[in-house]
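Content type compact mmCIF, C-alpha atoms, from the file run.txt:
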# COMPACT_ATOMS: atom_id res chain seq x y z
CA MET A 222 -33.04 -0.84 -45.21
CA VAL A 223 -33.86 2.87 -45.23
CA LEU A 224 -30.98 3.40 -42.79
CA ASN A 225 -28.69 1.85 -45.39
CA GLY A 226 -29.97 4.18 -48.08
CA VAL A 227 -32.19 1.56 -49.73
CA GLY A 228 -35.82 2.59 -50.22
CA PHE A 229 -39.01 0.78 -51.12
CA HIS A 230 -40.73 1.67 -54.37
CA GLU A 231 -43.71 -0.26 -55.73
CA GLU A 232 -45.81 0.51 -58.82
CA TYR A 233 -49.22 -0.97 -59.63
CA GLU A 234 -51.29 -0.34 -62.75
CA TRP A 235 -54.43 1.67 -62.03
CA VAL A 236 -55.88 3.12 -65.26
CA PRO A 237 -53.59 1.73 -67.98
CA PHE A 238 -55.18 3.51 -70.95
CA LEU A 239 -54.53 6.86 -69.22
CA GLY A 240 -51.05 5.82 -68.13
CA LEU A 241 -51.99 6.12 -64.46
CA SER A 242 -50.44 3.88 -61.85
CA VAL A 243 -50.49 3.67 -58.08
CA GLY A 244 -46.95 4.15 -56.87
CA LEU A 245 -45.77 3.99 -53.27
CA VAL A 246 -42.33 5.06 -52.12
CA LEU A 247 -40.61 4.93 -48.74
CA ASP A 248 -37.09 6.26 -49.04
CA SER A 249 -34.69 8.42 -47.06
CA LEU A 250 -36.66 11.56 -47.97
CA SER A 251 -40.17 10.34 -47.18
CA TYR A 252 -39.18 8.33 -44.09
CA PRO A 253 -38.66 11.27 -41.66
CA PHE A 254 -41.98 12.80 -42.75
CA VAL A 255 -43.84 9.49 -42.34
CA LEU A 256 -42.29 9.13 -38.89
CA LEU A 257 -43.40 12.63 -37.88
CA ILE A 258 -46.93 12.32 -39.30
CA THR A 259 -47.72 8.87 -37.89
CA LEU A 260 -46.26 9.49 -34.44
CA VAL A 261 -47.72 12.96 -33.87
CA GLY A 262 -50.98 11.89 -35.53
CA PHE A 263 -51.33 8.99 -33.10
CA LEU A 264 -50.42 11.11 -30.07
CA ALA A 265 -52.82 13.90 -31.10
CA THR A 266 -55.59 11.32 -31.43
CA VAL A 267 -54.93 10.01 -27.92
CA TYR A 268 -54.73 13.58 -26.60
CA SER A 269 -58.09 14.33 -28.23
CA GLY A 270 -59.80 11.65 -26.15
CA LYS A 271 -59.60 13.74 -23.00
CA TYR A 272 -59.33 17.24 -24.45
CA MET A 273 -62.44 16.90 -26.63
CA GLU A 274 -64.54 14.73 -24.28
CA LYS A 275 -67.19 17.42 -23.71
CA GLU A 276 -67.51 18.40 -27.37
CA HIS A 277 -70.34 17.40 -29.70
CA GLY A 278 -70.11 15.08 -32.71
CA LEU A 279 -67.01 13.17 -31.66
CA THR A 280 -67.61 10.36 -34.15
CA SER A 281 -67.42 12.89 -36.98
CA TYR A 282 -64.45 14.58 -35.31
CA PHE A 283 -62.36 11.41 -35.12
CA THR A 284 -63.38 10.37 -38.64
CA LEU A 285 -62.20 13.71 -40.03
CA LEU A 286 -59.06 13.55 -37.90
CA THR A 287 -58.23 10.13 -39.37
CA LEU A 288 -58.81 11.40 -42.92
CA PHE A 289 -56.62 14.43 -42.20
CA VAL A 290 -53.73 12.28 -40.99
CA GLY A 291 -54.30 9.79 -43.82
CA GLY A 292 -54.11 12.59 -46.39
CA MET A 293 -50.76 13.74 -45.02
CA ILE A 294 -49.38 10.19 -45.06
CA GLY A 295 -50.54 9.78 -48.65
CA VAL A 296 -48.83 12.99 -49.76
CA VAL A 297 -45.41 11.76 -48.61
CA LEU A 298 -45.78 8.15 -49.77
CA VAL A 299 -47.12 8.34 -53.34
CA SER A 300 -44.86 8.55 -56.39
CA ASN A 301 -47.60 9.62 -58.81
CA LEU A 302 -48.31 13.35 -59.09
CA PHE A 303 -52.02 12.81 -59.76
CA LEU A 304 -52.36 10.91 -56.49
CA PHE A 305 -50.10 13.46 -54.80
CA TYR A 306 -52.66 16.15 -55.59
CA ILE A 307 -55.60 13.94 -54.55
CA PHE A 308 -54.03 13.37 -51.14
CA TRP A 309 -53.13 17.08 -50.92
CA GLU A 310 -56.85 17.87 -51.21
CA LEU A 311 -57.76 15.03 -48.84
CA MET A 312 -55.52 16.72 -46.30
CA LEU A 313 -57.14 20.15 -46.78
CA ILE A 314 -60.86 19.39 -46.70
CA PRO A 315 -61.03 17.49 -43.37
CA SER A 316 -58.77 20.06 -41.69
CA TYR A 317 -61.12 22.85 -42.84
CA ALA A 318 -64.10 21.03 -41.29
CA LEU A 319 -62.19 20.41 -38.05
CA ILE A 320 -61.46 24.14 -37.73
CA ALA A 321 -64.89 25.35 -38.83
CA TYR A 322 -66.98 23.06 -36.62
CA TRP A 323 -64.86 22.56 -33.49
CA GLY A 324 -62.78 25.74 -33.41
CA THR A 325 -63.07 28.71 -31.06
CA GLY A 326 -63.57 32.43 -31.64
CA ASN A 327 -65.32 32.79 -35.00
CA PRO A 328 -64.60 29.31 -36.38
CA ARG A 329 -66.75 29.49 -39.53
CA LEU A 330 -65.05 32.69 -40.71
CA ILE A 331 -61.59 31.42 -39.75
CA GLY A 332 -62.29 28.10 -41.44
CA PHE A 333 -63.46 29.88 -44.60
CA LYS A 334 -60.29 32.00 -44.67
CA TYR A 335 -58.21 28.85 -44.23
CA PHE A 336 -60.16 27.12 -47.01
CA ILE A 337 -59.72 29.99 -49.49
CA PHE A 338 -56.00 30.47 -48.85
CA THR A 339 -55.07 26.80 -48.89
CA HIS A 340 -57.12 26.07 -52.00
CA ALA A 341 -55.59 29.02 -53.80
CA GLY A 342 -52.23 27.45 -53.01
CA ALA A 343 -53.53 24.06 -54.12
CA LEU A 344 -54.61 25.60 -57.44
CA SER A 345 -51.09 26.93 -58.02
CA LEU A 346 -49.72 23.48 -57.22
CA LEU A 347 -52.21 21.83 -59.59
CA ILE A 348 -51.30 24.15 -62.46
CA GLY A 349 -47.62 23.43 -61.87
CA ILE A 350 -48.21 19.66 -61.82
CA ALA A 351 -50.41 19.76 -64.94
CA TRP A 352 -47.86 21.88 -66.80
CA LEU A 353 -45.04 19.54 -65.80
CA ALA A 354 -47.06 16.53 -66.98
CA ALA A 355 -47.85 18.29 -70.26
CA VAL A 356 -44.17 19.04 -70.92
CA PHE A 357 -42.92 15.50 -70.30
CA GLY A 358 -46.05 13.37 -70.76
CA ASP A 359 -45.48 11.67 -67.42
CA LEU A 360 -46.77 11.78 -63.84
CA ASN A 361 -44.22 9.52 -62.13
CA ILE A 362 -41.90 11.47 -59.85
CA PHE A 363 -38.83 9.34 -60.58
CA SER A 364 -39.13 9.18 -64.37
CA LEU A 365 -39.93 12.91 -64.40
CA SER A 366 -36.67 13.54 -62.57
CA GLU A 367 -34.74 11.61 -65.22
CA LYS A 368 -36.49 13.42 -68.07
CA ALA A 369 -36.01 16.85 -66.48
CA MET A 370 -32.28 16.25 -66.00
CA LEU A 371 -31.97 15.34 -69.70
CA ALA A 372 -34.11 18.25 -70.90
CA SER A 373 -32.59 20.78 -73.25
CA GLU A 374 -31.47 24.18 -72.02
CA THR A 375 -34.34 25.79 -73.95
CA LEU A 376 -36.79 24.21 -71.48
CA ARG A 377 -35.09 25.79 -68.46
CA PRO A 378 -37.30 28.94 -68.38
CA VAL A 379 -40.42 26.76 -68.64
CA LEU A 380 -39.27 24.45 -65.84
CA THR A 381 -38.33 27.45 -63.69
CA SER A 382 -41.86 28.82 -64.15
CA ILE A 383 -43.28 25.43 -63.14
CA ALA A 384 -41.02 25.42 -60.08
CA VAL A 385 -42.34 28.87 -59.11
CA LEU A 386 -45.94 27.61 -59.28
CA ILE A 387 -45.12 24.55 -57.20
CA PHE A 388 -43.20 26.64 -54.68
CA ILE A 389 -46.11 29.08 -54.31
CA GLY A 390 -48.47 26.18 -53.67
CA ALA A 391 -46.10 24.78 -51.06
CA ALA A 392 -45.37 28.24 -49.59
CA VAL A 393 -49.06 28.79 -48.85
CA LYS A 394 -49.09 25.46 -47.02
CA MET A 395 -45.94 26.37 -45.10
CA ALA A 396 -47.20 29.92 -44.42
CA VAL A 397 -44.03 31.52 -45.76
CA PHE A 398 -44.23 35.33 -45.93
CA PRO A 399 -46.26 36.80 -47.69
CA PHE A 400 -48.55 33.74 -47.87
CA HIS A 401 -48.78 33.47 -44.08
CA THR A 402 -51.88 35.43 -43.09
CA TRP A 403 -54.18 32.40 -42.78
CA LEU A 404 -51.99 30.68 -40.19
CA PRO A 405 -52.28 32.75 -36.95
CA ASP A 406 -56.07 32.53 -36.84
CA ALA A 407 -56.29 28.89 -37.95
CA HIS A 408 -53.61 27.56 -35.60
CA ALA A 409 -54.72 29.67 -32.65
CA GLU A 410 -58.45 28.96 -32.90
CA ALA A 411 -58.46 25.32 -34.06
CA PRO A 412 -59.11 22.71 -31.35
CA THR A 413 -55.73 22.20 -29.67
CA PRO A 414 -55.19 18.62 -30.97
CA ILE A 415 -55.73 19.99 -34.47
CA SER A 416 -53.36 22.89 -33.75
CA VAL A 417 -50.81 20.22 -32.86
CA LEU A 418 -51.25 18.64 -36.29
CA LEU A 419 -51.46 21.90 -38.24
CA SER A 420 -48.33 23.44 -36.77
CA GLY A 421 -46.32 20.38 -35.88
CA VAL A 422 -47.04 18.34 -38.99
CA MET A 423 -49.20 19.75 -41.79
CA ILE A 424 -47.06 22.74 -42.70
CA LYS A 425 -44.15 20.29 -43.15
CA THR A 426 -45.92 18.71 -46.12
CA GLY A 427 -45.12 21.94 -47.95
CA VAL A 428 -41.46 21.34 -47.14
CA TYR A 429 -41.78 17.84 -48.57
CA ALA A 430 -43.36 19.23 -51.76
CA VAL A 431 -40.42 21.60 -52.30
CA ALA A 432 -37.86 18.90 -51.53
CA ARG A 433 -39.49 16.19 -53.65
CA LEU A 434 -40.88 18.18 -56.58
CA VAL A 435 -38.49 21.11 -56.93
CA LEU A 436 -35.16 19.84 -55.58
CA GLY A 437 -35.98 16.25 -56.50
CA ILE A 438 -37.28 16.71 -60.05
CA MET A 439 -35.94 20.11 -61.17
CA PRO A 440 -32.99 20.85 -58.84
CA PHE A 441 -31.38 23.28 -61.28
CA THR A 442 -34.40 25.57 -60.92
CA MET A 443 -33.59 26.01 -57.23
CA MET A 444 -30.27 27.53 -58.25
CA ASP A 445 -32.23 30.13 -60.24
CA LEU A 446 -34.72 30.80 -57.44
CA ARG A 447 -32.60 30.37 -54.31
CA LEU A 448 -31.93 34.07 -53.62
CA PRO A 449 -35.57 35.30 -53.62
CA ILE A 450 -36.61 32.18 -51.69
CA ALA A 451 -33.90 32.83 -49.09
CA ILE A 452 -35.06 36.45 -48.72
CA LEU A 453 -38.66 35.33 -48.15
CA ALA A 454 -37.37 32.83 -45.59
CA LEU A 455 -35.50 35.55 -43.71
CA ILE A 456 -38.53 37.83 -43.68
CA SER A 457 -40.59 34.92 -42.32
CA MET A 458 -38.03 34.32 -39.56
CA VAL A 459 -37.94 37.91 -38.37
CA TRP A 460 -41.60 38.83 -38.98
CA GLY A 461 -42.92 35.72 -37.26
CA GLY A 462 -40.55 36.23 -34.34
CA VAL A 463 -41.41 39.90 -33.84
CA MET A 464 -45.13 39.16 -33.99
CA ALA A 465 -44.73 36.30 -31.50
CA LEU A 466 -42.88 38.67 -29.18
CA VAL A 467 -45.93 40.94 -28.80
CA GLN A 468 -48.61 38.27 -28.37
CA SER A 469 -50.46 37.75 -25.10
CA ASP A 470 -52.39 34.66 -26.22
CA VAL A 471 -50.35 31.46 -25.75
CA LYS A 472 -51.64 29.67 -28.85
CA ARG A 473 -51.33 32.75 -31.03
CA LEU A 474 -47.73 33.18 -29.88
CA LEU A 475 -47.02 29.57 -30.86
CA ALA A 476 -48.72 30.12 -34.22
CA TYR A 477 -46.52 33.10 -35.12
CA SER A 478 -43.52 31.12 -33.92
CA SER A 479 -44.32 28.51 -36.57
CA ILE A 480 -44.11 31.17 -39.30
CA SER A 481 -40.68 32.11 -37.99
CA GLN A 482 -39.45 28.53 -37.72
CA ILE A 483 -40.60 27.50 -41.18
CA GLY A 484 -38.35 30.30 -42.40
CA TYR A 485 -35.31 28.41 -41.08
CA ILE A 486 -36.34 25.27 -42.95
CA VAL A 487 -36.95 27.10 -46.23
CA PHE A 488 -33.64 28.94 -45.82
CA GLY A 489 -31.82 25.62 -45.51
CA LEU A 490 -33.50 24.25 -48.64
CA ALA A 491 -32.66 27.43 -50.55
CA ALA A 492 -28.98 27.04 -49.66
CA ALA A 493 -29.10 23.87 -51.79
CA ASN A 494 -25.97 22.39 -50.20
CA LEU A 495 -25.50 19.37 -47.96
CA ALA A 496 -25.36 21.23 -44.63
CA GLY A 497 -28.35 23.43 -45.43
CA VAL A 498 -30.64 20.73 -46.81
CA GLN A 499 -29.71 18.21 -44.11
CA GLY A 500 -30.28 20.85 -41.43
CA ALA A 501 -33.63 21.81 -42.96
CA LEU A 502 -34.88 18.21 -43.03
CA PHE A 503 -33.62 17.61 -39.49
CA HIS A 504 -35.36 20.78 -38.33
CA VAL A 505 -38.61 19.39 -39.76
CA LEU A 506 -38.42 16.74 -37.04
CA ASN A 507 -37.05 18.94 -34.27
CA HIS A 508 -39.63 21.66 -34.82
CA GLY A 509 -42.40 19.12 -35.41
CA PHE A 510 -41.87 17.31 -32.13
CA ALA A 511 -41.14 20.46 -30.08
CA LYS A 512 -44.05 22.49 -31.46
CA SER A 513 -46.46 19.57 -30.99
CA LEU A 514 -45.30 19.38 -27.38
CA LEU A 515 -45.75 23.13 -26.91
CA PHE A 516 -49.28 23.14 -28.29
CA MET A 517 -50.20 20.19 -26.07
CA ALA A 518 -48.83 22.11 -23.07
CA ALA A 519 -50.89 25.14 -24.14
CA GLY A 520 -53.91 22.85 -24.36
CA VAL A 521 -53.31 21.76 -20.78
CA LEU A 522 -53.53 25.40 -19.68
CA ILE A 523 -56.82 25.80 -21.55
CA HIS A 524 -58.24 22.50 -20.28
CA GLU A 525 -57.10 22.71 -16.66
CA VAL A 526 -56.77 26.44 -15.94
CA HIS A 527 -59.35 27.66 -18.49
CA GLU A 528 -57.07 30.52 -19.49
CA ARG A 529 -54.73 31.25 -22.42
CA ASP A 530 -53.86 34.92 -21.82
CA ILE A 531 -50.34 35.03 -20.38
CA ARG A 532 -51.13 38.34 -18.64
CA LYS A 533 -53.65 36.51 -16.45
CA LEU A 534 -51.42 33.55 -15.64
CA GLY A 535 -48.47 33.10 -13.30
CA GLY A 536 -46.91 30.98 -10.59
CA LEU A 537 -47.94 27.62 -12.06
CA SER A 538 -44.54 25.88 -11.95
CA SER A 539 -45.10 24.32 -8.53
CA LYS A 540 -48.67 23.32 -9.37
CA MET A 541 -48.03 22.02 -12.89
CA PRO A 542 -44.42 20.74 -12.95
CA LEU A 543 -44.77 18.45 -15.99
CA THR A 544 -46.45 21.16 -18.05
CA THR A 545 -43.73 23.60 -16.98
CA ILE A 546 -40.96 21.22 -18.06
CA ALA A 547 -42.71 20.50 -21.36
CA MET A 548 -43.13 24.19 -22.18
CA LEU A 549 -39.58 25.06 -21.10
CA VAL A 550 -37.82 22.22 -22.94
CA GLY A 551 -39.92 22.64 -26.10
CA GLY A 552 -39.24 26.38 -26.18
CA LEU A 553 -35.52 25.97 -25.54
CA SER A 554 -35.22 23.45 -28.37
CA ILE A 555 -36.94 25.73 -30.86
CA ALA A 556 -34.75 28.59 -29.67
CA GLY A 557 -31.70 26.51 -30.65
CA THR A 558 -30.41 25.88 -27.14
CA PRO A 559 -27.70 23.21 -26.74
CA PRO A 560 -27.74 20.28 -26.26
CA LEU A 561 -31.32 19.91 -27.56
CA GLY A 562 -32.08 18.83 -31.12
CA GLY A 563 -33.11 22.28 -32.32
CA PHE A 564 -29.59 23.57 -31.66
CA MET A 565 -28.02 21.06 -34.04
CA SER A 566 -30.48 21.53 -36.89
CA GLU A 567 -30.42 25.33 -36.72
CA TRP A 568 -26.65 25.49 -36.76
CA MET A 569 -26.50 23.08 -39.68
CA ILE A 570 -28.82 25.48 -41.51
CA PHE A 571 -26.56 28.41 -40.58
CA ALA A 572 -23.52 26.46 -41.84
CA GLY A 573 -25.36 25.88 -45.11
CA GLY A 574 -26.03 29.60 -45.40
CA VAL A 575 -22.37 30.46 -44.83
CA GLU A 576 -21.33 27.85 -47.42
CA ALA A 577 -23.75 29.42 -49.90
CA GLY A 578 -22.03 32.79 -49.39
CA TRP A 579 -24.86 34.32 -47.38
CA SER A 580 -22.99 35.42 -44.25
CA ILE A 581 -25.14 38.54 -43.84
CA PHE A 582 -28.30 36.46 -44.18
CA VAL A 583 -26.98 34.07 -41.52
CA ALA A 584 -26.37 37.02 -39.18
CA VAL A 585 -30.03 37.99 -39.62
CA ALA A 586 -31.07 34.38 -38.91
CA VAL A 587 -29.00 34.35 -35.71
CA PHE A 588 -30.73 37.59 -34.69
CA ALA A 589 -34.09 35.89 -35.32
CA THR A 590 -32.96 33.08 -33.02
CA ALA A 591 -32.33 35.63 -30.27
CA ILE A 592 -35.89 36.89 -30.79
CA THR A 593 -37.11 33.30 -30.49
CA ALA A 594 -35.37 32.89 -27.14
CA GLY A 595 -36.87 36.20 -26.02
CA TYR A 596 -40.52 35.36 -26.66
CA TYR A 597 -40.31 31.83 -25.29
CA LEU A 598 -38.55 32.85 -22.09
CA ARG A 599 -41.03 35.72 -21.68
CA MET A 600 -43.93 33.29 -22.03
CA VAL A 601 -42.49 30.68 -19.65
CA ARG A 602 -41.67 33.33 -17.05
CA ALA A 603 -45.11 34.94 -17.26
CA VAL A 604 -47.08 31.69 -17.15
CA PHE A 605 -45.14 29.52 -14.73
CA PHE A 606 -43.18 31.86 -12.47
CA GLY A 607 -43.79 35.09 -10.62
CA GLU A 608 -46.97 35.89 -8.73
CA GLY A 609 -49.54 33.09 -8.60
CA ARG A 610 -52.78 34.38 -10.12
CA VAL A 611 -54.65 31.17 -10.90
CA GLU A 612 -55.06 27.62 -9.67
CA GLY A 613 -54.20 24.60 -11.76
CA ARG A 614 -52.71 21.12 -11.83
CA ASP A 615 -51.15 18.75 -14.31
CA PRO A 616 -53.80 16.71 -16.14
CA GLY A 617 -54.37 12.98 -15.94
CA ALA A 618 -52.62 10.28 -17.92
CA LEU A 619 -54.75 10.66 -21.06
CA MET A 620 -53.21 14.09 -21.66
CA THR A 621 -49.76 13.65 -20.11
CA ALA A 622 -49.09 10.31 -21.82
CA PRO A 623 -49.01 11.84 -25.34
CA MET A 624 -46.75 14.64 -24.11
CA SER A 625 -44.14 12.36 -22.54
CA PRO A 626 -42.73 10.72 -25.71
CA LEU A 627 -42.56 14.12 -27.40
CA LEU A 628 -40.63 15.52 -24.44
CA ALA A 629 -38.27 12.54 -24.60
CA LEU A 630 -37.73 12.94 -28.35
CA VAL A 631 -36.97 16.66 -28.05
CA ILE A 632 -34.19 15.78 -25.59
CA VAL A 633 -32.94 12.56 -27.20
CA LEU A 634 -32.61 14.07 -30.69
CA GLY A 635 -29.97 16.38 -29.27
CA PHE A 636 -27.83 13.50 -27.99
CA LEU A 637 -28.61 10.50 -30.20
CA ALA A 638 -29.27 12.05 -33.58
CA SER A 639 -26.93 9.79 -35.54
CA PRO A 640 -29.49 7.23 -36.85
CA ILE A 641 -31.96 9.82 -38.12
CA LEU A 642 -29.15 12.02 -39.48
CA THR A 643 -27.91 9.00 -41.44
CA VAL A 644 -31.30 8.70 -43.14
CA ILE A 645 -31.65 12.45 -43.68
CA GLY A 646 -28.06 12.66 -44.90
CA ASN A 647 -28.77 10.13 -47.64
CA SER A 648 -31.70 12.14 -49.00
CA ALA A 649 -29.91 15.48 -48.60
CA ALA A 650 -26.84 14.16 -50.44
CA ALA A 651 -29.00 12.92 -53.34
CA LEU A 652 -30.88 16.23 -53.61
CA VAL A 653 -27.69 18.30 -53.46
CA LEU A 654 -25.95 16.04 -55.99
CA ASN A 655 -28.81 16.60 -58.42
CA ALA A 656 -28.70 20.36 -57.83
CA ALA A 657 -24.98 20.45 -58.55
CA ALA A 658 -25.30 18.34 -61.71
Rewrite the structure of this file - the entire thing - as structure tokens.
Amino acid sequence: MVLNGVGFHEEYEWVPFLGLSVGLVLDSLSYPFVLLITLVGFLATVYSGKYMEKEHGLTSYFTLLTLFVGGMIGVVLVSNLFLFYIFWELMLIPSYALIAYWGTGNPRLIGFKYFIFTHAGALSLLIGIAWLAAVFGDLNIFSLSEKAMLASETLRPVLTSIAVLIFIGAAVKMAVFPFHTWLPDAHAEAPTPISVLLSGVMIKTGVYAVARLVLGIMPFTMMDLRLPIAILALISMVWGGVMALVQSDVKRLLAYSSISQIGYIVFGLAAANLAGVQGALFHVLNHGFAKSLLFMAAGVLIHEVHERDIRKLGGLSSKMPLTTIAMLVGGLSIAGTPPLGGFMSEWMIFAGGVEAGWSIFVAVAVFATAITAGYYLRMVRAVFFGEGRVEGRDPGALMTAPMSPLLALVIVLGFLASPILTVIGNSAAALVLNAAA
């Protein structure tokens, strides 16, 4: 039914005298996010079984992991803004504990930094939601959209201010420049299965918040904010790419790459046209699957070779062929190499930028893509080719099994993208139609 553009939306009374209801929605916008969260969440859980086997407190670890994934699923399924915020917090608190208690380096300090930044963003989101509810006396996403579209022109500055608050809250989650400084430490030092979820999945909930709450409820505000948002997206692309280019730590390189890649997605949303928004939502999946695969491959290096510094690695391609293929294919997809899925979504985003009249911006984005290819090829060459400095082997089935479907999806989405593009196209068309209204 979702493929045909028909969604599921159910409402149940919760606290009638406060006007609160429990609403669940699965439509063409939430479906790709649910697919990404549930699939990568399951694979990261399986991957954890072997990767974390020597760690302490595994019962607590898996409980928090389940709550973390459950919080993300809740964010993209609820239609009530009060519950949206509850699940937003449910996503943050377990992820903080997972970083602080099972991370590497200085996990307590890194976890605290993550906690402060993400909760500052959550506060901005909460103020925006509360203000929106105060203006319209409603918390339902769909009725709010109707009321906002019928609002008088005098409310436009107020709604634009609300959109700014919501965007800031989402931008912290996405690690868009200049709200990005928490991400490199958190993603690099979290346990690798959690890095998979943070980079591959969690930052995409910020994308969902912008798509559902800004483009979905107040699309006209995006037309007021699109230029500064696009500029921040471009800075994220280039800054993240340049920083990734100079990293020697594999996980830190992947972390900075996520800052760069989220810039592409935000740029597509800012274009606010069919090509840009559809490309952005498609890139959510392409980046999510490819980056999850890359972090799992990095975890293999840590688990099997006990090394993550690319200057100390080399010559592993013959010893670890599956890991080599995973790292190479994942990197090529994110670098926008045809015929992989990342190529299609990035060029849809570029087409959206050209359609929006941002040809110079698109040229900068293409330059950022060249940087992406540079740091991934540098990493693959240093780790898997050249002089052999370390011994290693591909891991057993408990770690390779979760990587295999991700590898397949990264390839298949470049050839058989039609079904998922049909779903994404429905949501993108609705969002763009609202923006143009």
Could you name the residues that touch Arg610 (chain A) at 12 Å or less, counting all atoms listed in the file, but leaving out those on the same chain fewer than 4 positions away, as a CSV table (one decimal) with C-alpha atoms, keeping the file's coordinate frame?
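This is the output file result_13.csv:
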chain,number,residue,atom,x,y,z
A,526,VAL,CA,-56.8,26.4,-15.9
A,528,GLU,CA,-57.1,30.5,-19.5
A,530,ASP,CA,-53.9,34.9,-21.8
A,531,ILE,CA,-50.3,35.0,-20.4
A,532,ARG,CA,-51.1,38.3,-18.6
A,533,LYS,CA,-53.6,36.5,-16.4
A,534,LEU,CA,-51.4,33.6,-15.6
A,535,GLY,CA,-48.5,33.1,-13.3
A,536,GLY,CA,-46.9,31.0,-10.6
A,537,LEU,CA,-47.9,27.6,-12.1
A,538,SER,CA,-44.5,25.9,-12.0
A,540,LYS,CA,-48.7,23.3,-9.4
A,603,ALA,CA,-45.1,34.9,-17.3
A,604,VAL,CA,-47.1,31.7,-17.2
A,605,PHE,CA,-45.1,29.5,-14.7
A,606,PHE,CA,-43.2,31.9,-12.5
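With distances taken over all atoms listed in the file, A:Met439 is the one residue among A:Leu448, A:Leu637, A:Met439, A:Leu619 lying closest to Phe363 (chain A).
The interatomic distance for the pair CA of Ala589 (chain A) and CA of Arg529 (chain A) works out to 24.8 Å.
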Who sits within 12 Å of Glu367 (chain A), all atoms listed in the file, same chain under 6 positions skipped, as a PyMOL selection string: chain A and resi 357+359+361+437-440+655
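Among the candidates A:Trp579, A:Phe636, A:Phe488, A:Tyr335, the residue lying nearest to Leu404 (chain A) is A:Tyr335 (atoms considered: only C-alpha atoms).
Minimum distance to Leu549 (chain A) across A:Val435, A:Val631, A:Val611, A:Met620 (counting only C-alpha atoms) occurs at A:Val631.
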Top pick for closest residue to Val290 (chain A), considering A:Val422, A:Ile480, A:Val267, A:Ile389 and counting only C-alpha atoms: A:Val422
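Take CA of Asp445 (chain A) and CA of Ile645 (chain A): the distance between them is 24.2 Å.
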Mind completing region 400-412 of chain A with N, CA and C atoms? Output as a PDB file, in the coordinates of the input, please?
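Listed below is the output, rebuild.pdb:
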ATOM      1  N   PHE A 400     -47.388  34.638 -47.752  1.00  0.00           N
ATOM      2  CA  PHE A 400     -48.550  33.740 -47.870  1.00  0.00           C
ATOM      3  C   PHE A 400     -48.974  33.212 -46.496  1.00  0.00           C
ATOM      4  N   HIS A 401     -48.678  33.967 -45.453  1.00  0.00           N
ATOM      5  CA  HIS A 401     -48.780  33.470 -44.080  1.00  0.00           C
ATOM      6  C   HIS A 401     -50.052  33.878 -43.346  1.00  0.00           C
ATOM      7  N   THR A 402     -50.859  34.765 -43.902  1.00  0.00           N
ATOM      8  CA  THR A 402     -51.880  35.430 -43.090  1.00  0.00           C
ATOM      9  C   THR A 402     -52.997  34.507 -42.607  1.00  0.00           C
ATOM     10  N   TRP A 403     -53.149  33.349 -43.228  1.00  0.00           N
ATOM     11  CA  TRP A 403     -54.180  32.400 -42.780  1.00  0.00           C
ATOM     12  C   TRP A 403     -53.779  31.697 -41.484  1.00  0.00           C
ATOM     13  N   LEU A 404     -52.468  31.581 -41.246  1.00  0.00           N
ATOM     14  CA  LEU A 404     -51.990  30.680 -40.190  1.00  0.00           C
ATOM     15  C   LEU A 404     -52.303  31.137 -38.762  1.00  0.00           C
ATOM     16  N   PRO A 405     -52.059  32.400 -38.364  1.00  0.00           N
ATOM     17  CA  PRO A 405     -52.280  32.750 -36.950  1.00  0.00           C
ATOM     18  C   PRO A 405     -53.684  32.456 -36.462  1.00  0.00           C
ATOM     19  N   ASP A 406     -54.692  32.798 -37.251  1.00  0.00           N
ATOM     20  CA  ASP A 406     -56.070  32.530 -36.840  1.00  0.00           C
ATOM     21  C   ASP A 406     -56.359  31.035 -36.803  1.00  0.00           C
ATOM     22  N   ALA A 407     -55.968  30.324 -37.861  1.00  0.00           N
ATOM     23  CA  ALA A 407     -56.290  28.890 -37.950  1.00  0.00           C
ATOM     24  C   ALA A 407     -55.611  28.100 -36.843  1.00  0.00           C
ATOM     25  N   HIS A 408     -54.336  28.335 -36.610  1.00  0.00           N
ATOM     26  CA  HIS A 408     -53.610  27.560 -35.600  1.00  0.00           C
ATOM     27  C   HIS A 408     -54.018  27.949 -34.188  1.00  0.00           C
ATOM     28  N   ALA A 409     -54.354  29.218 -33.994  1.00  0.00           N
ATOM     29  CA  ALA A 409     -54.720  29.670 -32.650  1.00  0.00           C
ATOM     30  C   ALA A 409     -56.131  29.244 -32.268  1.00  0.00           C
ATOM     31  N   GLU A 410     -57.045  29.206 -33.223  1.00  0.00           N
ATOM     32  CA  GLU A 410     -58.450  28.960 -32.900  1.00  0.00           C
ATOM     33  C   GLU A 410     -58.916  27.538 -33.216  1.00  0.00           C
ATOM     34  N   ALA A 411     -58.106  26.730 -33.862  1.00  0.00           N
ATOM     35  CA  ALA A 411     -58.460  25.320 -34.060  1.00  0.00           C
ATOM     36  C   ALA A 411     -58.480  24.615 -32.712  1.00  0.00           C
ATOM     37  N   PRO A 412     -59.220  23.507 -32.579  1.00  0.00           N
ATOM     38  CA  PRO A 412     -59.110  22.710 -31.350  1.00  0.00           C
ATOM     39  C   PRO A 412     -57.635  22.351 -31.145  1.00  0.00           C
TER      40      PRO A 412
END
